[in-house]
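Okay, final-v9.cif is below, mmCIF, C-alpha atoms:
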```cif
data_protein
loop_
_atom_site.group_PDB
_atom_site.id
_atom_site.type_symbol
_atom_site.label_atom_id
_atom_site.label_comp_id
_atom_site.auth_asym_id
_atom_site.auth_seq_id
_atom_site.Cartn_x
_atom_site.Cartn_y
_atom_site.Cartn_z
ATOM 1 C CA MET A 1 0.000 0.000 0.000
ATOM 2 C CA LYS A 2 1.027 3.532 -0.553
ATOM 3 C CA MET A 3 1.947 5.661 2.417
ATOM 4 C CA ARG A 4 -0.954 8.058 1.752
ATOM 5 C CA THR A 5 -3.446 5.177 1.856
ATOM 6 C CA LYS A 6 -2.013 3.907 5.129
ATOM 7 C CA ILE A 7 -2.244 7.346 6.708
ATOM 8 C CA SER A 8 -5.817 7.775 5.471
ATOM 9 C CA LEU A 9 -6.915 4.432 6.906
ATOM 10 C CA LEU A 10 -5.165 5.114 10.206
ATOM 11 C CA SER A 11 -6.730 8.557 10.590
ATOM 12 C CA LEU A 12 -10.154 7.172 9.672
ATOM 13 C CA GLY A 13 -9.759 4.490 12.339
ATOM 14 C CA LEU A 14 -8.649 7.012 14.943
ATOM 15 C CA PHE A 15 -11.472 9.459 14.280
ATOM 16 C CA ALA A 16 -14.233 6.884 13.789
ATOM 17 C CA PRO A 17 -15.441 7.174 17.408
ATOM 18 C CA PHE A 18 -15.886 10.915 16.941
ATOM 19 C CA PHE A 19 -18.023 10.335 13.862
ATOM 20 C CA ALA A 20 -20.123 7.765 15.684
ATOM 21 C CA PHE A 21 -20.558 10.147 18.618
ATOM 22 C CA ALA A 22 -21.504 12.945 16.244
ATOM 23 C CA GLN A 23 -24.652 11.093 15.203
ATOM 24 C CA THR A 24 -26.095 11.297 18.708
ATOM 25 C CA GLY A 25 -24.628 14.627 19.774
ATOM 26 C CA SER A 26 -23.653 17.915 18.275
ATOM 27 C CA LEU A 27 -20.325 19.306 17.225
ATOM 28 C CA MET A 28 -20.287 21.413 20.383
ATOM 29 C CA SER A 29 -20.573 18.326 22.593
ATOM 30 C CA ILE A 30 -17.578 16.798 20.797
ATOM 31 C CA LEU A 31 -15.564 19.968 21.332
ATOM 32 C CA ILE A 32 -16.516 20.083 25.009
ATOM 33 C CA LEU A 33 -15.438 16.456 25.386
ATOM 34 C CA ALA A 34 -12.100 17.231 23.708
ATOM 35 C CA LEU A 35 -11.586 20.231 26.014
ATOM 36 C CA ARG A 36 -12.316 18.116 29.087
ATOM 37 C CA ILE A 37 -9.837 15.472 27.965
ATOM 38 C CA THR A 38 -7.091 18.032 27.296
ATOM 39 C CA SER A 39 -7.783 19.711 30.623
ATOM 40 C CA ALA A 40 -7.428 16.387 32.427
ATOM 41 C CA LEU A 41 -4.222 15.625 30.529
ATOM 42 C CA GLY A 42 -2.823 19.035 31.465
ATOM 43 C CA THR A 43 -3.521 18.353 35.122
ATOM 44 C CA ILE A 44 -1.885 14.935 34.899
ATOM 45 C CA PHE A 45 1.209 16.360 33.176
ATOM 46 C CA GLY A 46 1.430 19.075 35.838
ATOM 47 C CA MET A 47 1.348 16.493 38.601
ATOM 48 C CA LEU A 48 4.029 14.455 36.817
ATOM 49 C CA ALA A 49 6.232 17.555 36.489
ATOM 50 C CA VAL A 50 5.918 18.321 40.206
ATOM 51 C CA ALA A 51 6.604 14.667 41.029
ATOM 52 C CA ALA A 52 9.720 14.729 38.815
ATOM 53 C CA PHE A 53 10.976 17.815 40.625
ATOM 54 C CA PHE A 54 10.482 16.282 44.067
ATOM 55 C CA TYR A 55 11.989 12.986 42.900
ATOM 56 C CA GLY A 56 15.096 14.883 41.798
ATOM 57 C CA LEU A 57 15.133 16.806 45.077
ATOM 58 C CA ALA A 58 14.960 13.596 47.103
ATOM 59 C CA ARG A 59 17.638 12.010 44.956
ATOM 60 C CA PHE A 60 19.828 15.089 45.401
ATOM 61 C CA ILE A 61 19.393 15.111 49.192
ATOM 62 C CA LEU A 62 19.941 11.367 49.574
ATOM 63 C CA ALA A 63 23.038 11.335 47.333
ATOM 64 C CA ALA A 64 25.348 11.672 50.351
ATOM 65 C CA GLY A 65 28.454 12.665 48.452
ATOM 66 C CA ASP A 66 28.064 10.524 45.320
ATOM 67 C CA PRO A 67 28.757 12.993 42.473
ATOM 68 C CA LYS A 68 26.917 10.912 39.863
ATOM 69 C CA LYS A 69 23.697 10.788 41.911
ATOM 70 C CA ILE A 70 23.977 14.501 42.686
ATOM 71 C CA VAL A 71 24.133 15.307 38.962
ATOM 72 C CA GLU A 72 21.189 12.980 38.246
ATOM 73 C CA GLY A 73 19.162 14.663 40.997
ATOM 74 C CA LYS A 74 19.969 18.133 39.669
ATOM 75 C CA ASN A 75 18.989 17.079 36.150
ATOM 76 C CA ALA A 76 15.645 15.666 37.335
ATOM 77 C CA MET A 77 14.912 18.903 39.207
ATOM 78 C CA ILE A 78 15.807 21.000 36.163
ATOM 79 C CA TYR A 79 13.598 18.884 33.874
ATOM 80 C CA GLY A 80 10.723 19.187 36.344
ATOM 81 C CA ILE A 81 11.060 22.970 36.490
ATOM 82 C CA ILE A 82 11.267 23.214 32.694
ATOM 83 C CA ALA A 83 8.139 21.049 32.311
ATOM 84 C CA LEU A 84 6.239 23.228 34.814
ATOM 85 C CA PHE A 85 7.366 26.375 32.998
ATOM 86 C CA VAL A 86 6.200 25.003 29.645
ATOM 87 C CA LEU A 87 2.812 23.962 31.060
ATOM 88 C CA VAL A 88 2.202 27.322 32.734
ATOM 89 C CA SER A 89 3.325 29.145 29.572
ATOM 90 C CA ILE A 90 0.904 27.159 27.398
ATOM 91 C CA VAL A 91 -1.984 27.906 29.768
ATOM 92 C CA GLY A 92 -1.003 31.593 29.785
ATOM 93 C CA ILE A 93 -0.809 31.811 25.995
ATOM 94 C CA ILE A 94 -4.185 30.090 25.571
ATOM 95 C CA SER A 95 -5.714 32.379 28.198
ATOM 96 C CA PHE A 96 -4.270 35.441 26.462
ATOM 97 C CA PHE A 97 -5.749 34.470 23.097
ATOM 98 C CA GLN A 98 -9.113 33.635 24.643
ATOM 99 C CA ARG A 99 -9.296 37.031 26.314
ATOM 100 C CA SER A 100 -8.143 38.764 23.135
ATOM 101 C CA LEU A 101 -10.830 37.064 21.058
ATOM 102 C CA GLY A 102 -13.510 37.587 23.684
ATOM 103 C CA THR A 103 -14.064 33.877 24.300
ATOM 104 C CA ASP A 104 -12.793 33.728 27.854
ATOM 105 C CA THR A 105 -14.275 30.382 28.876
ATOM 106 C CA TYR A 106 -11.288 28.963 30.752
ATOM 107 C CA THR A 107 -12.220 27.701 34.201
ATOM 108 C CA PRO A 108 -9.269 26.728 36.394
ATOM 109 C CA ALA A 109 -9.317 23.355 38.095
ATOM 110 C CA VAL A 110 -9.022 25.030 41.502
ATOM 111 C CA GLN A 111 -11.049 28.140 42.102
ATOM 112 C CA ILE A 112 -10.231 30.522 44.928
ATOM 113 C CA TYR A 113 -13.135 32.538 46.235
ATOM 114 C CA LEU A 114 -12.146 35.819 47.839
ATOM 115 C CA PRO A 115 -14.615 37.805 49.905
ATOM 116 C CA ARG A 116 -15.792 41.055 48.386
ATOM 117 C CA VAL A 117 -14.963 44.142 50.345
#
```

Before anything else, please render the file you have as structure tokens.
Amino acid sequence: MKMRTKISLLSLGLFAPFFAFAQTGSLMSILILALRITSALGTIFGMLAVAAFFYGLARFILAAGDPKKIVEGKNAMIYGIIALFVLVSIVGIISFFQRSLGTDTYTPAVQIYLPRV
């Protein structure tokens, strides 16, 4: 088979559940489902980034003079911080464009309610 045919069949197989769901729902319900899935994935990736940072911190503290383990701990902490920075930057960029276009529908996972004065 040609490469184009393989890609077409693969993409049809991947998106078939969306087409089946579209018969019972609307396009908006599919988009809402996709947004919920990406929001959940963002939360999971954030937790993994924080866990990577603390794993590197624990490895760094427990190294007890072993230079190789110290370097591995520092690298894990750096990768965790970079992952957190990327995640927060993506959320900030998306929020900026939503506010610019007037479609500010982003609801954070944790909401803080401050009393009005």

What's around stretch 35-42 of chain A at 8 Å? Count only C-alpha atoms, leave out sequence neighbours fewer than 4 positions away in its own chain, and write the answer as a list in words. Leu31, Gly46 and Leu87 of chain A

Need the shell around A:Ala52: protein/DNA/RNA residues with any atom at most 12 Å away, counting only C-alpha atoms. Skip same-chain ones fewer than 5 positions apart. Format as an NGL selection string? :A and (45-47 or 57-59 or 72-84)

Atom CA of A:Ile61 to atom CA of A:Ala49, distance in Å rounded to a single decimal: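 Separation of atom CA of A:Ile61 and atom CA of A:Ala49: 18.5 Å.
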
Separation of atom CA of A:Ile32 from atom CA of A:Gln98 in Å: 15.4 Å

Can you pull stretch 50-81 of chain A out of that block with N, CA and C atoms and hand it back as an mmCIF file, in the first residue's frame?
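Done, and the output landed in out-v3.cif:
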```cif
data_model
loop_
_atom_site.group_PDB
_atom_site.id
_atom_site.type_symbol
_atom_site.label_atom_id
_atom_site.label_comp_id
_atom_site.auth_asym_id
_atom_site.auth_seq_id
_atom_site.Cartn_x
_atom_site.Cartn_y
_atom_site.Cartn_z
ATOM 1 N N VAL A 50 5.628 18.071 38.787
ATOM 2 C CA VAL A 50 5.918 18.321 40.206
ATOM 3 C C VAL A 50 6.538 17.083 40.841
ATOM 4 N N ALA A 51 6.037 15.911 40.492
ATOM 5 C CA ALA A 51 6.604 14.667 41.029
ATOM 6 C C ALA A 51 8.048 14.485 40.565
ATOM 7 N N ALA A 52 8.344 14.840 39.317
ATOM 8 C CA ALA A 52 9.720 14.729 38.815
ATOM 9 C C ALA A 52 10.643 15.668 39.575
ATOM 10 N N PHE A 53 10.160 16.873 39.870
ATOM 11 C CA PHE A 53 10.976 17.815 40.625
ATOM 12 C C PHE A 53 11.283 17.272 42.019
ATOM 13 N N PHE A 54 10.254 16.781 42.715
ATOM 14 C CA PHE A 54 10.482 16.282 44.067
ATOM 15 C C PHE A 54 11.287 14.983 44.076
ATOM 16 N N TYR A 55 11.155 14.184 43.025
ATOM 17 C CA TYR A 55 11.989 12.986 42.900
ATOM 18 C C TYR A 55 13.457 13.397 42.772
ATOM 19 N N GLY A 56 13.730 14.395 41.946
ATOM 20 C CA GLY A 56 15.096 14.883 41.798
ATOM 21 C C GLY A 56 15.620 15.503 43.079
ATOM 22 N N LEU A 57 14.743 16.208 43.809
ATOM 23 C CA LEU A 57 15.133 16.806 45.077
ATOM 24 C C LEU A 57 15.491 15.730 46.092
ATOM 25 N N ALA A 58 14.672 14.686 46.172
ATOM 26 C CA ALA A 58 14.960 13.596 47.103
ATOM 27 C C ALA A 58 16.238 12.871 46.706
ATOM 28 N N ARG A 59 16.418 12.682 45.421
ATOM 29 C CA ARG A 59 17.638 12.010 44.956
ATOM 30 C C ARG A 59 18.875 12.863 45.255
ATOM 31 N N PHE A 60 18.725 14.177 45.116
ATOM 32 C CA PHE A 60 19.828 15.089 45.401
ATOM 33 C C PHE A 60 20.172 15.069 46.886
ATOM 34 N N ILE A 61 19.159 15.083 47.749
ATOM 35 C CA ILE A 61 19.393 15.111 49.192
ATOM 36 C C ILE A 61 19.980 13.790 49.670
ATOM 37 N N LEU A 62 19.483 12.689 49.133
ATOM 38 C CA LEU A 62 19.941 11.367 49.574
ATOM 39 C C LEU A 62 21.219 10.900 48.894
ATOM 40 N N ALA A 63 21.838 11.738 48.062
ATOM 41 C CA ALA A 63 23.038 11.335 47.333
ATOM 42 C C ALA A 63 24.212 11.083 48.272
ATOM 43 N N ALA A 64 24.315 11.848 49.321
ATOM 44 C CA ALA A 64 25.348 11.672 50.351
ATOM 45 C C ALA A 64 26.756 11.604 49.778
ATOM 46 N N GLY A 65 27.089 12.550 48.927
ATOM 47 C CA GLY A 65 28.454 12.665 48.452
ATOM 48 C C GLY A 65 28.755 11.941 47.160
ATOM 49 N N ASP A 66 27.834 11.210 46.585
ATOM 50 C CA ASP A 66 28.064 10.524 45.320
ATOM 51 C C ASP A 66 27.835 11.520 44.179
ATOM 52 N N PRO A 67 28.897 11.936 43.490
ATOM 53 C CA PRO A 67 28.757 12.993 42.473
ATOM 54 C C PRO A 67 27.808 12.606 41.323
ATOM 55 N N LYS A 68 27.781 11.339 40.964
ATOM 56 C CA LYS A 68 26.917 10.912 39.863
ATOM 57 C C LYS A 68 25.441 11.062 40.237
ATOM 58 N N LYS A 69 25.087 10.673 41.470
ATOM 59 C CA LYS A 69 23.697 10.788 41.911
ATOM 60 C C LYS A 69 23.303 12.246 42.119
ATOM 61 N N ILE A 70 24.255 13.076 42.524
ATOM 62 C CA ILE A 70 23.977 14.501 42.686
ATOM 63 C C ILE A 70 23.622 15.121 41.332
ATOM 64 N N VAL A 71 24.392 14.779 40.304
ATOM 65 C CA VAL A 71 24.133 15.307 38.962
ATOM 66 C C VAL A 71 22.785 14.803 38.444
ATOM 67 N N GLU A 72 22.474 13.525 38.684
ATOM 68 C CA GLU A 72 21.189 12.980 38.246
ATOM 69 C C GLU A 72 20.027 13.671 38.965
ATOM 70 N N GLY A 73 20.199 13.954 40.244
ATOM 71 C CA GLY A 73 19.162 14.663 40.997
ATOM 72 C C GLY A 73 18.964 16.075 40.487
ATOM 73 N N LYS A 74 20.067 16.776 40.210
ATOM 74 C CA LYS A 74 19.969 18.133 39.669
ATOM 75 C C LYS A 74 19.268 18.122 38.311
ATOM 76 N N ASN A 75 19.612 17.156 37.477
ATOM 77 C CA ASN A 75 18.989 17.079 36.150
ATOM 78 C C ASN A 75 17.488 16.819 36.258
ATOM 79 N N ALA A 76 17.074 15.948 37.157
ATOM 80 C CA ALA A 76 15.645 15.666 37.335
ATOM 81 C C ALA A 76 14.916 16.913 37.827
ATOM 82 N N MET A 77 15.540 17.666 38.738
ATOM 83 C CA MET A 77 14.912 18.903 39.207
ATOM 84 C C MET A 77 14.797 19.928 38.080
ATOM 85 N N ILE A 78 15.828 20.052 37.275
ATOM 86 C CA ILE A 78 15.807 21.000 36.163
ATOM 87 C C ILE A 78 14.735 20.620 35.155
ATOM 88 N N TYR A 79 14.628 19.321 34.824
ATOM 89 C CA TYR A 79 13.598 18.884 33.874
ATOM 90 C C TYR A 79 12.201 19.118 34.433
ATOM 91 N N GLY A 80 12.018 18.926 35.721
ATOM 92 C CA GLY A 80 10.723 19.187 36.344
ATOM 93 C C GLY A 80 10.352 20.657 36.278
ATOM 94 N N ILE A 81 11.316 21.531 36.539
ATOM 95 C CA ILE A 81 11.060 22.970 36.490
ATOM 96 C C ILE A 81 10.771 23.410 35.056
#
```
